[in-house]
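J.: So that we are looking at the same thing, I have put the structure below in structure tokens.
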2 protein chains.
Amino acid sequence: MALSLLQSAVQSISSLPGIGERSAMRIVLFLLKQDPRMTSQLAETLQRVRTEIRFCSQCGALAAGELCEICLDTTRDPALICVVAEAADVLAIERSGALRGQYHVLGGLLSPLDGIGPDELRLTPLLQRLQQLDRAEVCIATNPTVEGDVTADWLQDQIRRLIPDTPVRITRIAHGIATGGEIEFADSQT
Amino acid sequence: MALSLLQSAVQSISSLPGIGERSAMRIVLFLLKQDPRMTSQLAETLQRVRTEIRFCSQCGALAAGELCEICLDTTRDPALICVVAEAADVLAIERSGALRGQYHVLGGLLSPLDGIGPDELRLTPLLQRLQQLDRAEVCIATNPTVEGDVTADWLQDQIRRLIPDTPVRITRIAHGIATGGEIEFADSQT
């Protein structure tokens with residue numbers, strides 16, 4: 001009985017991204033050696049996160065209510081929209097404090113091998129937001145990977161084709177040598 | 001508010017072994033995208049594991065009650081004790097089905113850099129078990145690493161010195177080329 005409970009725990013934990021069965025077993029043994037309150041707190045926090053945090057219905061970032069704090073912030077420019085792949089990217093850019101506009105989370109990058117096509121990405125809500133503006137600027141902040149580049153090109157094309165009457169200026173975040181990086185290691189792409 | 005809850009969740013998850021802050025964030029976002037029942041089940045399983053599974057008071061393996069199923073199994077030879085580092089090793093050896101004796105979990109390996117000295121290992125309960133037997137066989141099944149070898153030598157020495165009157169035959173599991181491995185890749189140690 002203890003063994004089947006253990007196995008179902010290992011199975012539950014290893015269904016999380018980035019955790020295999022061996023790591024799951026290590027986590028279970030770790031929790032068994034710690035104070036039971038650690039496990040209670042972890043379980044409670046997971047439950048609270050799942051019930052209290054959701055995705056903003058406008059931009060797709062993490063939110064406590066219907067809209068996220070950024071979309072509710074009236075001091076931010078709604079005509080400047082930074083498009084990112086995942087909700088975690090919003091947090092990263094917010095930490096830098098560089099954006100005075102708002103965000104739009106696509107929910108992924110085009111990746112046929114992972115089964116992510118145009119229908120899986122949140123394109124329509126973005127087009128609807130843009131159409132409500134007289135003029136807008138979209139800054140595409142996808143990673144400089146193959147998927148990021150392809151998605152950026154596709155997005156630019158879709159905006160031009162599907163809402164041709166809305167004046168949208170499309171830019172992409174600068175890519176180059178990271179601060180602290182060395183020119184020596186830059187490849188021809190950079 | 002959503003942000004502080006998110007941060008405390010990331011912190012809780014990244015306190016588990018083998019999970020950093022980035023992986024913790026990925027796990028949170030993954031759970032938010034899944035059915036809420038997945039999170040409930042995970043939280044519940046963690047709680048159940050922590051309350052229903054404990055360490056066997058005799059051998060230190062995982063148990064549902066005071067003693068584990070292996071220590072309670074009267075068909076097993078109590079005079080043949082396989083010494084392992086961690087409770088997970090018991091499960092691995094049991095899967096092989098090769099042992100007809102019982103186990104003793106040391107709770108780690110000697111490792112001064114990690115702060116694990118002789119006092120951190122469950123030596124005394126092992127000596128007490130051995131003293132209750134007329135004669136015994138101890139098979140030391142530690143990994144063939146520096147820590148595993150040092151711990152095996154130390155354990156053998158302690159048994160000989162501290163309970164000299166108990167006839168104990170000490171062996172170590174065979175180390176060599178793993179099944180499926182190739183002789184070509186064997187080093188001089190093997």
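Each chain in the structure tokens gets a letter, A, B and so on, in the order shown; residues start at 1 in every chain, and ligands are counted from 1 in the order they appear.
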Give the residues of chain A that lie within 9 Å of chain B; count only C-alpha atoms, and format the answer as number ranges by chain.
T.: A: 1-3, 5-6, 8-9, 12-13, 16-19, 23, 25-33, 36, 38-55, 62-65, 86-88
J.: Within 6 Å of Tyr103 in chain B, counting only C-alpha atoms, which residues show up once you throw out same-chain ones fewer than 6 positions away? Write them as a list in words, please.
T.: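 Once the nearby chain positions are removed, what remains is Cys59, Ile81, Cys82 and Val83 of chain B.
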J.: Quick one: everything within 9 Å of Leu99 in chain B, counting only C-alpha atoms, minus sequence neighbours fewer than 4 positions away in the same chain. Send it as a ChimeraX atom specification.
T.: /B:76,80,82,93-94
J.: Would you save the residues of that selection, restricted to N, CA and C atoms, as a tab-separated table (two decimals), in the first residue's frame?
T.:
```tsv
chain	number	residue	atom	x	y	z
B	76	ARG	N	11.93	-13.98	4.94
B	76	ARG	CA	13.25	-13.45	4.59
B	76	ARG	C	14.27	-13.74	5.70
B	80	LEU	N	20.90	-12.02	6.96
B	80	LEU	CA	21.56	-11.51	5.76
B	80	LEU	C	21.10	-10.07	5.55
B	82	CYS	N	21.58	-6.38	3.81
B	82	CYS	CA	22.17	-5.61	2.72
B	82	CYS	C	22.18	-4.13	3.13
B	93	ILE	N	16.92	-2.36	-5.50
B	93	ILE	CA	17.37	-3.76	-5.34
B	93	ILE	C	16.17	-4.70	-5.29
B	94	GLU	N	15.08	-4.24	-4.67
B	94	GLU	CA	13.87	-5.07	-4.63
B	94	GLU	C	13.33	-5.32	-6.03
```
J.: Can you list, as a list in words, every protein, DNA or RNA residue that comes within 10 Å of Arg135 in chain A when you count only C-alpha atoms, leaving out same-chain residues fewer than 5 positions away?
T.: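 These residues fall inside the cut-off: Ala79, Leu80, Leu130, Asp165, Thr166, Pro167, Val168 and Arg169 of chain A.
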J.: Those same residues, written as a PDB file, in the first residue's frame with C-alpha atoms?
T.:
```pdb
ATOM      1  CA  ALA A  79      -1.135  51.838 -28.169  1.00  0.00           C
ATOM      2  CA  LEU A  80       2.310  50.352 -27.536  1.00  0.00           C
ATOM      3  CA  LEU A 130      -5.170  46.754 -32.531  1.00  0.00           C
ATOM      4  CA  ASP A 165      -6.567  49.653 -42.601  1.00  0.00           C
ATOM      5  CA  THR A 166      -5.120  49.975 -39.094  1.00  0.00           C
ATOM      6  CA  PRO A 167      -1.848  51.907 -39.120  1.00  0.00           C
ATOM      7  CA  VAL A 168       0.477  49.664 -37.115  1.00  0.00           C
ATOM      8  CA  ARG A 169       4.178  50.251 -36.795  1.00  0.00           C
TER       9      ARG A 169
END
```
J.: So the first atom is CA of Thr75 in chain B and the second is CA of Val138 in chain B; what is the distance between them in Å, to one decimal place?
T.: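 So the answer is 18.0 Å.
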J.: So which residues of range 50-161 of chain A fall under helix (DSSP H, G or I) by DSSP, listed as a PyMOL selection string?
T.: chain A and resi 50-52+69-72+87-96+112-114+118-120+124-131+146-161
J.: Could you please determine the separation between CA of Leu133 in chain A and CA of Thr151 in chain A in Å, to one decimal place?
T.: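 Atom-to-atom, CA of Leu133 in chain A and CA of Thr151 in chain A are spaced 23.1 Å apart.
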J.: CA of Leu106 in chain A and CA of Gln158 in chain A are how many Å apart?
T.: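 Going from CA of Leu106 in chain A over to CA of Gln158 in chain A, I get 13.3 Å.
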J.: So, with only C-alpha atoms as the atoms that count, which of B:Val84, B:Ala174, B:Val150, B:Cys71 lies closest to Arg129 in chain B?
T.: B:Cys71
J.: Tell me, which residues of range 9-79 of chain A carry DSSP strand (DSSP E or B), written as a VMD selection string?
T.: chain A and resid 54 to 55 62 to 63 77 to 79
